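One file, structure_8.txt, is given below (compact mmCIF, C-alpha atoms).
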```txt
# COMPACT_ATOMS: atom_id res chain seq x y z
CA MET A 1 13.05 11.72 22.90
CA ARG A 2 10.17 9.39 23.78
CA ILE A 3 8.68 7.27 20.98
CA GLY A 4 5.29 5.59 21.31
CA ILE A 5 4.11 2.51 19.40
CA PRO A 6 0.34 2.00 19.82
CA ARG A 7 -1.64 -1.11 19.02
CA GLU A 8 -3.50 -0.74 15.73
CA THR A 9 -7.26 -0.69 16.22
CA ARG A 10 -8.52 -1.23 12.65
CA SER A 11 -10.09 -4.69 12.64
CA ASP A 12 -8.16 -6.02 9.63
CA GLU A 13 -4.81 -4.48 10.57
CA THR A 14 -2.23 -7.00 11.74
CA ARG A 15 0.87 -4.86 11.29
CA VAL A 16 2.78 -2.91 13.91
CA ALA A 17 4.82 0.25 13.34
CA ALA A 18 8.00 -1.01 15.01
CA THR A 19 9.41 -4.51 15.30
CA PRO A 20 11.63 -5.44 18.26
CA ASP A 21 14.74 -5.13 16.07
CA VAL A 22 13.83 -1.58 15.08
CA VAL A 23 12.92 -0.70 18.68
CA ARG A 24 16.41 -1.83 19.72
CA LYS A 25 17.94 0.58 17.21
CA TYR A 26 15.85 3.49 18.51
CA VAL A 27 16.92 2.67 22.06
CA GLU A 28 20.58 2.39 21.06
CA ARG A 29 20.39 5.87 19.57
CA GLY A 30 19.09 7.23 22.86
CA ALA A 31 15.31 7.17 22.63
CA GLU A 32 12.91 5.86 25.25
CA VAL A 33 10.42 3.63 23.45
CA VAL A 34 6.98 2.88 24.89
CA VAL A 35 5.07 0.02 23.25
CA GLU A 36 1.40 -0.59 24.00
CA THR A 37 0.59 -3.97 25.49
CA GLY A 38 -0.21 -6.42 22.68
CA ALA A 39 0.84 -4.00 19.91
CA GLY A 40 2.81 -6.62 18.01
CA ALA A 41 0.79 -9.70 18.89
CA ARG A 42 -0.98 -10.04 15.52
CA ALA A 43 2.40 -9.93 13.79
CA THR A 44 3.81 -12.58 16.21
CA PHE A 45 5.93 -10.08 18.20
CA ASP A 46 5.08 -10.59 21.86
CA ASP A 47 5.51 -8.07 24.67
CA GLU A 48 8.54 -9.86 26.07
CA SER A 49 10.42 -9.46 22.78
CA TYR A 50 9.92 -5.69 23.05
CA ARG A 51 11.13 -5.67 26.65
CA ARG A 52 14.27 -7.53 25.61
CA ALA A 53 14.81 -4.88 22.93
CA GLY A 54 14.77 -2.20 25.62
CA ALA A 55 11.21 -0.90 25.34
CA VAL A 56 8.78 -0.12 28.11
CA VAL A 57 5.54 -2.06 27.58
CA ALA A 58 2.62 -0.05 28.93
CA GLU A 59 -1.05 0.78 28.49
CA GLU A 60 -2.26 3.09 25.71
CA SER A 61 -2.32 6.29 27.80
CA ALA A 62 1.47 6.13 28.24
CA VAL A 63 1.98 5.54 24.51
CA TRP A 64 -0.09 8.52 23.36
CA SER A 65 1.66 10.93 25.76
CA THR A 66 5.06 10.47 24.07
CA ASP A 67 6.89 13.02 21.90
CA VAL A 68 6.62 10.95 18.71
CA VAL A 69 3.93 8.40 17.90
CA LEU A 70 4.51 5.88 15.10
CA LYS A 71 1.51 4.16 13.50
CA VAL A 72 0.47 2.15 10.48
CA GLN A 73 -3.14 3.24 9.90
CA PRO A 74 -4.34 6.84 10.15
CA PRO A 75 -5.33 7.74 13.71
CA THR A 76 -9.00 8.05 14.53
CA ALA A 77 -10.24 11.43 15.70
CA GLY A 78 -10.29 10.02 19.24
CA GLU A 79 -6.68 8.87 18.96
CA ALA A 80 -5.63 12.25 17.59
CA ASP A 81 -7.14 13.90 20.67
CA ARG A 82 -4.91 11.74 22.90
CA LEU A 83 -1.69 13.10 21.41
CA ALA A 84 0.39 15.40 23.60
CA SER A 85 0.52 19.06 22.66
CA GLY A 86 3.48 19.64 20.35
CA ALA A 87 3.83 15.93 19.56
CA THR A 88 4.63 14.44 16.16
CA ILE A 89 2.78 11.54 14.55
CA VAL A 90 4.32 9.58 11.67
CA SER A 91 1.92 7.25 9.88
CA PHE A 92 -0.09 6.67 6.76
CA LEU A 93 -2.57 9.55 7.05
CA TYR A 94 -4.61 10.00 3.82
CA PRO A 95 -6.28 13.28 4.88
CA GLU A 96 -8.47 13.24 1.75
CA SER A 97 -10.30 10.15 2.98
CA GLU A 98 -9.87 10.76 6.74
CA PRO A 99 -10.93 14.42 7.07
CA GLU A 100 -12.24 14.13 10.65
CA ALA A 101 -8.98 12.68 11.92
CA PHE A 102 -6.96 15.30 10.07
CA ALA A 103 -9.13 18.08 11.53
CA ALA A 104 -8.55 16.63 15.00
CA LEU A 105 -4.79 16.69 14.41
CA GLU A 106 -5.05 20.34 13.31
CA ARG A 107 -7.02 21.28 16.44
CA LYS A 108 -4.44 19.54 18.60
CA GLY A 109 -1.65 21.63 17.08
CA VAL A 110 0.59 18.64 16.36
CA THR A 111 2.97 17.85 13.52
CA ALA A 112 1.92 15.06 11.14
CA VAL A 113 4.26 13.25 8.76
CA ALA A 114 2.47 11.19 6.11
CA MET A 115 4.20 8.05 4.88
CA GLU A 116 2.17 8.14 1.65
CA SER A 117 3.59 11.60 0.90
CA VAL A 118 7.28 10.71 1.06
CA PRO A 119 8.63 11.93 -2.33
CA ARG A 120 9.53 9.21 -4.83
CA ILE A 121 13.16 10.30 -5.22
CA ALA A 122 16.34 8.23 -5.11
CA ARG A 123 17.52 9.27 -1.64
CA ALA A 124 14.09 8.55 -0.14
CA GLN A 125 13.75 5.02 -1.53
CA LYS A 126 14.50 3.41 1.82
CA MET A 127 11.61 5.41 3.32
CA ASP A 128 9.13 4.45 0.59
CA ALA A 129 6.41 2.61 2.51
CA LEU A 130 3.99 2.78 -0.42
CA SER A 131 6.31 0.61 -2.48
CA SER A 132 6.90 -1.81 0.38
CA THR A 133 3.15 -2.18 0.87
CA ALA A 134 2.39 -2.46 -2.85
CA ASN A 135 5.06 -5.10 -3.33
CA LEU A 136 3.47 -7.32 -0.69
CA ALA A 137 -0.06 -6.60 -1.95
CA GLY A 138 0.84 -7.68 -5.50
CA TYR A 139 2.40 -10.90 -4.21
CA LYS A 140 -0.51 -11.72 -1.92
CA ALA A 141 -3.10 -10.87 -4.60
CA VAL A 142 -1.83 -13.69 -6.79
CA LEU A 143 -1.83 -16.14 -3.88
CA GLU A 144 -5.42 -15.16 -3.01
CA ALA A 145 -6.38 -15.69 -6.63
CA ALA A 146 -4.65 -19.07 -6.77
CA ASN A 147 -6.46 -20.15 -3.61
CA ALA A 148 -9.85 -19.18 -5.05
CA PHE A 149 -9.11 -20.60 -8.52
CA GLY A 150 -10.29 -24.20 -8.75
CA ARG A 151 -7.58 -25.21 -11.19
CA PHE A 152 -3.84 -25.62 -11.49
CA PHE A 153 -1.60 -22.61 -12.24
CA PRO A 154 1.34 -24.19 -14.14
CA LEU A 155 1.34 -26.45 -17.17
CA LEU A 156 1.07 -30.02 -15.89
CA MET A 157 1.92 -33.00 -18.07
CA THR A 158 0.84 -36.34 -16.62
CA ALA A 159 0.09 -39.86 -17.80
CA ALA A 160 -3.57 -38.96 -17.49
CA GLY A 161 -3.20 -36.02 -19.82
CA THR A 162 -2.00 -32.45 -20.00
CA ILE A 163 -3.36 -29.66 -17.82
CA PRO A 164 -2.97 -26.23 -19.51
CA PRO A 165 -1.51 -23.33 -17.53
CA ALA A 166 -3.60 -20.53 -16.09
CA HIS A 167 -3.67 -17.25 -18.01
CA VAL A 168 -3.26 -14.14 -15.88
CA LEU A 169 -3.89 -10.50 -16.80
CA VAL A 170 -2.33 -7.82 -14.62
CA ILE A 171 -3.70 -4.30 -15.06
CA GLY A 172 -1.18 -1.67 -13.99
CA ALA A 173 2.59 -2.15 -13.96
CA GLY A 174 3.51 -0.14 -10.91
CA VAL A 175 5.13 -1.84 -7.91
CA ALA A 176 2.05 -3.93 -7.10
CA GLY A 177 1.53 -4.96 -10.70
CA LEU A 178 5.15 -5.93 -11.26
CA SER A 179 5.11 -7.95 -8.03
CA ALA A 180 1.96 -9.72 -9.21
CA ILE A 181 3.58 -10.51 -12.56
CA VAL A 182 6.65 -12.02 -10.89
CA THR A 183 4.53 -14.10 -8.51
CA ALA A 184 2.21 -15.41 -11.23
CA LYS A 185 5.18 -16.34 -13.41
CA ARG A 186 6.81 -18.19 -10.51
CA LEU A 187 3.61 -20.19 -10.10
CA GLY A 188 3.81 -21.16 -13.76
CA ALA A 189 1.05 -19.01 -15.26
CA VAL A 190 1.10 -17.40 -18.68
CA VAL A 191 0.99 -13.67 -17.97
CA ARG A 192 0.01 -10.62 -19.94
CA ALA A 193 -0.09 -7.07 -18.59
CA PHE A 194 -1.40 -3.65 -19.46
CA ASP A 195 -0.32 -0.19 -18.35
CA PRO A 196 -1.16 3.12 -20.02
CA ARG A 197 2.51 4.16 -19.85
CA PRO A 198 4.53 2.72 -22.75
CA ALA A 199 7.69 3.38 -20.74
CA VAL A 200 7.01 0.32 -18.55
CA LYS A 201 6.72 -2.07 -21.50
CA GLU A 202 10.36 -3.14 -21.21
CA GLN A 203 9.98 -3.86 -17.48
CA VAL A 204 6.94 -6.03 -18.11
CA GLN A 205 8.65 -7.96 -20.89
CA SER A 206 11.82 -8.45 -18.83
CA LEU A 207 9.68 -10.34 -16.30
CA GLY A 208 8.42 -12.70 -18.98
CA ALA A 209 4.96 -11.21 -19.49
CA ARG A 210 3.36 -10.04 -22.72
CA PHE A 211 2.66 -6.31 -22.82
CA LEU A 212 -0.66 -5.18 -24.28
CA ASP A 213 -0.13 -2.10 -26.44
CA LEU A 214 -2.63 0.70 -26.78
CA PRO A 215 -2.11 3.12 -29.70
CA LEU A 216 -2.48 6.16 -27.43
CA GLU A 217 -0.13 7.33 -24.68
CA ALA A 218 -1.29 8.38 -21.22
CA GLY A 219 0.39 11.18 -19.31
CA GLU A 220 2.55 10.61 -16.25
CA THR A 221 2.85 12.43 -12.95
CA ALA A 222 6.13 13.88 -11.72
CA GLY A 223 6.66 10.63 -9.80
CA GLY A 224 6.36 8.48 -12.93
CA TYR A 225 2.82 7.23 -12.27
CA ALA A 226 -0.09 7.11 -14.65
CA ALA A 227 -1.98 10.38 -14.53
CA ALA A 228 -5.76 10.67 -14.56
CA GLN A 229 -7.01 9.63 -18.00
CA SER A 230 -9.58 11.15 -20.31
CA GLU A 231 -12.89 9.44 -20.94
CA GLU A 232 -11.76 8.72 -24.51
CA PHE A 233 -8.63 7.01 -23.26
CA LEU A 234 -10.62 4.99 -20.70
CA ARG A 235 -13.02 3.88 -23.45
CA MET A 236 -10.13 2.62 -25.59
CA GLU A 237 -8.54 0.97 -22.57
CA ARG A 238 -11.76 -0.90 -21.75
CA GLU A 239 -12.04 -2.06 -25.36
CA LEU A 240 -8.51 -3.45 -25.26
CA LEU A 241 -9.15 -5.23 -21.96
CA ALA A 242 -12.55 -6.53 -23.07
CA ALA A 243 -10.83 -8.40 -25.89
CA GLN A 244 -8.83 -10.33 -23.27
CA MET A 245 -11.67 -11.38 -20.99
CA ASP A 246 -12.68 -14.64 -22.64
CA GLU A 247 -9.02 -15.75 -22.75
CA VAL A 248 -7.81 -15.09 -19.20
CA ASP A 249 -8.56 -16.96 -15.99
CA ILE A 250 -7.20 -14.49 -13.42
CA VAL A 251 -7.24 -10.68 -13.45
CA ILE A 252 -5.31 -8.54 -10.95
CA THR A 253 -6.25 -4.85 -11.06
CA THR A 254 -4.01 -2.19 -9.49
CA ALA A 255 -4.95 1.13 -11.12
CA LEU A 256 -5.09 4.02 -8.62
CA ILE A 257 -4.94 7.80 -8.77
CA ARG A 258 -4.20 9.38 -5.39
CA GLY A 259 -7.11 11.34 -3.98
CA ARG A 260 -9.60 10.23 -6.67
CA PRO A 261 -11.97 7.31 -7.10
CA ALA A 262 -10.34 4.38 -8.89
CA PRO A 263 -11.24 4.17 -12.60
CA ILE A 264 -13.67 1.42 -13.58
CA LEU A 265 -11.74 -0.71 -16.07
CA ILE A 266 -13.70 -3.99 -15.91
CA THR A 267 -17.41 -3.59 -16.51
CA ASP A 268 -20.23 -5.97 -15.69
CA GLU A 269 -20.43 -6.87 -19.39
CA MET A 270 -16.73 -7.78 -19.39
CA LEU A 271 -17.21 -9.99 -16.32
CA ALA A 272 -20.01 -11.83 -18.10
CA ALA A 273 -17.58 -12.63 -20.92
CA MET A 274 -15.15 -14.39 -18.56
CA LYS A 275 -15.13 -18.15 -18.12
CA PRO A 276 -17.02 -19.52 -15.09
CA GLY A 277 -14.59 -20.07 -12.24
CA SER A 278 -12.38 -17.12 -13.19
CA VAL A 279 -11.09 -14.81 -10.48
CA VAL A 280 -10.60 -11.04 -10.23
CA VAL A 281 -8.57 -9.51 -7.38
CA ASP A 282 -9.30 -5.78 -7.14
CA LEU A 283 -6.41 -4.01 -5.40
CA ALA A 284 -8.11 -0.65 -5.93
CA VAL A 285 -11.21 -1.58 -3.94
CA GLU A 286 -10.46 0.82 -1.07
CA GLN A 287 -10.90 3.70 -3.54
CA GLY A 288 -14.02 2.26 -5.12
CA GLY A 289 -12.42 -0.47 -7.22
CA ASN A 290 -11.37 -1.03 -10.83
CA CYS A 291 -13.98 -3.76 -11.28
CA GLU A 292 -17.70 -3.13 -11.40
CA GLY A 293 -19.33 -5.23 -8.68
CA SER A 294 -16.33 -5.69 -6.40
CA GLN A 295 -17.03 -4.93 -2.75
CA ARG A 296 -14.62 -3.78 -0.10
CA ASP A 297 -13.50 -6.55 2.26
CA ARG A 298 -15.81 -9.10 0.68
CA VAL A 299 -15.56 -11.99 -1.75
CA VAL A 300 -18.55 -12.05 -4.11
CA ASN A 301 -19.57 -14.04 -7.15
CA VAL A 302 -20.76 -12.18 -10.25
CA HIS A 303 -21.63 -14.09 -13.45
CA GLY A 304 -19.71 -17.08 -12.09
CA VAL A 305 -16.57 -14.98 -11.53
CA THR A 306 -15.13 -14.65 -8.03
CA LEU A 307 -14.37 -11.01 -7.14
CA ILE A 308 -11.92 -10.62 -4.25
CA GLY A 309 -12.01 -7.21 -2.59
CA TRP A 310 -9.65 -7.33 0.38
CA SER A 311 -8.65 -3.73 1.07
CA ASN A 312 -5.57 -4.43 3.17
CA LEU A 313 -3.72 -7.31 1.52
CA ALA A 314 -0.34 -6.35 2.97
CA ALA A 315 -1.74 -7.03 6.45
CA ARG A 316 -2.24 -10.64 5.33
CA VAL A 317 1.56 -10.97 5.35
CA PRO A 318 1.93 -9.47 8.85
CA VAL A 319 5.50 -10.41 9.79
CA HIS A 320 7.28 -9.15 6.71
CA ALA A 321 4.80 -6.32 6.17
CA SER A 322 5.61 -5.06 9.68
CA THR A 323 9.33 -5.60 9.15
CA LEU A 324 9.46 -3.57 5.94
CA TYR A 325 7.17 -0.82 7.16
CA ALA A 326 9.07 -0.48 10.45
CA ARG A 327 12.32 -0.07 8.52
CA ASN A 328 10.76 2.54 6.23
CA LEU A 329 9.62 4.45 9.31
CA GLN A 330 12.99 4.09 11.00
CA HIS A 331 14.83 5.59 8.03
CA LEU A 332 12.43 8.54 7.94
CA VAL A 333 12.61 9.11 11.69
CA ASN A 334 16.41 8.97 11.54
CA HIS A 335 16.37 11.51 8.71
CA LEU A 336 14.39 13.92 10.91
CA TRP A 337 16.23 13.12 14.15
CA LYS A 338 18.83 15.71 15.11
CA ASP A 339 20.40 15.68 18.57
CA ALA A 340 17.61 15.44 21.17
CA GLY A 341 14.57 15.32 18.90
CA LEU A 342 13.00 15.73 15.49
CA GLU A 343 13.77 18.84 13.44
CA PHE A 344 11.87 19.97 10.37
CA ASP A 345 14.00 21.61 7.69
CA PHE A 346 11.56 22.47 4.94
CA GLU A 347 14.39 23.21 2.53
CA ASP A 348 14.82 19.43 2.47
CA GLU A 349 12.61 17.89 -0.24
CA ILE A 350 11.87 14.79 1.83
CA VAL A 351 10.84 16.75 4.92
CA SER A 352 8.82 19.26 2.93
CA GLY A 353 6.99 16.59 0.94
CA ALA A 354 6.15 14.27 3.82
CA THR A 355 5.19 16.83 6.48
CA ILE A 356 1.57 17.68 5.77
CA LEU A 357 0.85 19.35 9.12
CA HIS A 358 3.35 21.38 11.17
CA GLN A 359 2.36 22.53 14.64
CA GLY A 360 -1.26 22.49 13.55
CA ARG A 361 -0.70 24.32 10.27
CA ASP A 362 -1.77 22.59 7.06
CA ARG A 363 1.22 22.41 4.73
CA ARG A 364 -0.32 20.46 1.87
CA GLU A 365 -0.38 23.37 -0.55
CA SER A 366 3.32 24.11 0.01
CA ALA A 367 4.37 20.46 -0.21
CA GLU A 368 4.97 18.71 -3.53
CA PRO A 369 1.97 16.44 -4.30
CA VAL A 370 2.67 12.74 -4.65
CA ALA A 371 0.39 10.70 -6.91
CA ALA A 372 -0.19 6.99 -6.63
CA GLY A 373 -1.48 5.81 -9.96
CA GLY A 374 -0.55 2.92 -12.22
CA GLY A 375 -0.66 0.37 -9.46
CA ALA A 376 1.21 2.22 -6.68
```
Encoded form (structure tokens):
Amino acid sequence: MRIGIPRETRSDETRVAATPDVVRKYVERGAEVVVETGAGARATFDDESYRRAGAVVAEESAVWSTDVVLKVQPPTAGEADRLASGATIVSFLYPESEPEAFAALERKGVTAVAMESVPRIARAQKMDALSSTANLAGYKAVLEAANAFGRFFPLLMTAAGTIPPAHVLVIGAGVAGLSAIVTAKRLGAVVRAFDPRPAVKEQVQSLGARFLDLPLEAGETAGGYAAAQSEEFLRMERELLAAQMDEVDIVITTALIRGRPAPILITDEMLAAMKPGSVVVDLAVEQGGNCEGSQRDRVVNVHGVTLIGWSNLAARVPVHASTLYARNLQHLVNHLWKDAGLEFDFEDEIVSGATILHQGRDRRESAEPVAAGGGA
């Protein structure tokens, strides 16, 4: 089996789908691995490190002609057209937001395995790239906020006087939100958090944050994520959050529902109530954002509040983001790998859930949907 690792072409993408260590493991199992020249450069993995791991370093045409192509970002329609007939691509795919690329994959008759569709079940945890990515995004969101915040995070007691700690609000207690809570606490902030699922209250409190209760429960998806909420629930949620705005310095928002625009939880009026110099990091910006006024891949100032809208925060931690994602991919590839190549047993819940296109046939209706709400 020949595995191709292309260089990512999205301008803000620094990750690579296979590190030299993971390439070595593919080679040891019997694969020929072809890595595009410069594929790992932005994550500090040079071509020579891939050669030492046993890979062939070549131009892009050789990579896209392999049996299996591993990527981070969804392929463009042009990249999809370069795939060999009968090939398999394993990547984040998001067909809802990348319809042209998905249509190109269908026309090519290939098999597509979507990392975002790996079922959230116990035996698939090591393949869960969404959690790996969200964990890093939550961590980096707090660091971005601290960098933009013109004050100290922890309580500081000096001869010149006492500096009070920063107050942080994290909206959504999924993987990203919990990671943000942990990071903010480590920096010495006072943290409070909200999630529409009362079941996560104990997790939030175990990390040392105060949980904001809402006297109305939201539904959950099969994967344990917050389901889409009614307008009445959203109104009550905004009222609860609005009461916090004049008290907090930093807000991290993480509320997402897969395949839908992100709910607006922080309105312009709520921003105006925040103290000048406050910071909001909107982790939902790629799906429209949780904060009114946030802009994708821009930092803007609204009512004296800095809104940070980086859409790919995990790529700002390129070495470990690549390491974790490459391992997630490796575990999934190994799960599919039987004898000389990949085999697709759709009686297997992992295979059925993650394979959204098989030999050009759309399988999304037959696969179990995976939601990504409550902070991913």
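Distance annotation: of A:Val285, A:Ala255, A:Met1, A:Ala321, the residue with the minimal separation from A:Thr44 is A:Ala321; atom set is all atoms listed in the file.
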**OP:** Excluding A:Thr19 and any residue of its chain fewer than 2 positions from it, enumerate the residues within 8 Å of it, using only C-alpha atoms, and give them as a ChimeraX atom specification.
**Re:** /A:16-17,21-23,40,45,50,322-323,326
Return as a tab-separated table the residues of stretch 109-148 of chain A lying at most 12 Å from stretch 62-73 of chain A, together with the closest atom-to-atom pair for each and the distance in Å to one decimal, counting only C-alpha atoms, with rows in chain order and ascending residue number.
```
residue	atom	partner	partner_atom	distance
A:Val110	CA	A:Val68	CA	10.1
A:Thr111	CA	A:Val68	CA	9.4
A:Ala112	CA	A:Val69	CA	9.7
A:Val113	CA	A:Leu70	CA	9.7
A:Ala114	CA	A:Val72	CA	10.2
A:Met115	CA	A:Val72	CA	8.9
A:Glu116	CA	A:Val72	CA	10.8
A:Ala129	CA	A:Val72	CA	10.0
A:Leu130	CA	A:Val72	CA	11.5
A:Thr133	CA	A:Val72	CA	10.9
```
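Across A:Ala55, A:Leu105, A:Ile266, A:Ala43, the tightest approach to A:Gly30 is made by A:Ala55 when counting all atoms listed in the file.
When all atoms listed in the file are used to measure the gap to A:Gly78, the shortest distance among A:Val190, A:Lys108, A:Val200, A:Val57 belongs to A:Lys108.
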Original post:
Which one of A:Ala53, A:Ala103, A:Val175, A:Ala148 sits closest to A:Val299 if you count all atoms listed in the file?
Top reply: A:Ala148
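Atom pair atom CA of A:Arg10 / atom CA of A:Leu283: separated by 18.4 Å.
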Using only the atoms of stretch 183-200 of chain A listed in the file, plus 8 Å on each side, state the axis-aligned box centre and edge lengths in Å rounded to one decimal, as JSON.
```
{"center_x": 3.1, "center_y": -8.5, "center_z": -15.6, "size_x": 25.1, "size_y": 41.3, "size_z": 30.2}
```
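Distances to A:Met127 were evaluated for A:Ala315, A:Ala39, A:Val90, A:Ala184 using all atoms listed in the file, and the minimum falls at A:Val90.
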Subject >> Atom-to-atom span, atom CA of A:Arg2 and atom CA of A:Ser97, Å >> reply: 29.2 Å
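Distances from A:Val118, A:Val182, A:Ala77, A:Val305 to A:Ala104 were compared using all atoms listed in the file, and the smallest one belongs to A:Ala77.
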Subject >> Point-to-point distance in Å for atom CA of A:Pro6 and atom CA of A:Gln125 >> reply: 25.4 Å
9 Å contact set for A:Ala242, all atoms listed in the file, chain neighbours under 6 positions out, as a short mmCIF file (atom, residue, chain, number, x, y, z; two decimals) with C-alpha atoms, keeping the file's coordinate frame:
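In the end it all went to selection10.cif:
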```cif
data_model
loop_
_atom_site.label_atom_id
_atom_site.label_comp_id
_atom_site.auth_asym_id
_atom_site.auth_seq_id
_atom_site.Cartn_x
_atom_site.Cartn_y
_atom_site.Cartn_z
CA ILE A 266 -13.70 -3.99 -15.91
CA THR A 267 -17.41 -3.59 -16.51
CA GLU A 269 -20.43 -6.87 -19.39
CA MET A 270 -16.73 -7.78 -19.39
CA LEU A 271 -17.21 -9.99 -16.32
CA ALA A 273 -17.58 -12.63 -20.92
#
```
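The protein and nucleic acid residues lying at most 7 Å from A:Gly277 are Phe149, Gly150, Gly304, Val305 and Thr306 of chain A, with all atoms listed in the file considered and sequence neighbours fewer than 6 positions away removed.
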Within 9 Å of file point (-7.1, 9.7, -3.8), counting all atoms listed in the file, expressed as a PDB file with C-alpha atoms, in the frame of the given file:
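Once everything was written out, this is result33.pdb:
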```pdb
ATOM      1  CA  TYR A  94      -4.610  10.000   3.820  1.00  0.00           C
ATOM      2  CA  GLU A  96      -8.470  13.240   1.750  1.00  0.00           C
ATOM      3  CA  SER A  97     -10.300  10.150   2.980  1.00  0.00           C
ATOM      4  CA  LEU A 256      -5.090   4.020  -8.620  1.00  0.00           C
ATOM      5  CA  ILE A 257      -4.940   7.800  -8.770  1.00  0.00           C
ATOM      6  CA  ARG A 258      -4.200   9.380  -5.390  1.00  0.00           C
ATOM      7  CA  GLY A 259      -7.110  11.340  -3.980  1.00  0.00           C
ATOM      8  CA  ARG A 260      -9.600  10.230  -6.670  1.00  0.00           C
ATOM      9  CA  PRO A 261     -11.970   7.310  -7.100  1.00  0.00           C
ATOM     10  CA  ALA A 262     -10.340   4.380  -8.890  1.00  0.00           C
ATOM     11  CA  GLN A 287     -10.900   3.700  -3.540  1.00  0.00           C
ATOM     12  CA  ALA A 371       0.390  10.700  -6.910  1.00  0.00           C
ATOM     13  CA  ALA A 372      -0.190   6.990  -6.630  1.00  0.00           C
TER      14      ALA A 372
END
```
Subject >> Near-A:Phe344 list (12 Å; all atoms listed in the file; drop same-chain fewer than 2 positions) as a list of chain:residue names >> reply: A:Thr88, A:Thr111, A:Ala112, A:Val113, A:Leu332, A:Val333, A:Asn334, A:His335, A:Leu336, A:Trp337, A:Lys338, A:Gly341, A:Leu342, A:Phe346, A:Glu347, A:Asp348, A:Glu349, A:Ile350, A:Val351, A:Ser352, A:Gly353, A:Ala354, A:Thr355, A:Ile356, A:Leu357, A:His358, A:Gln359
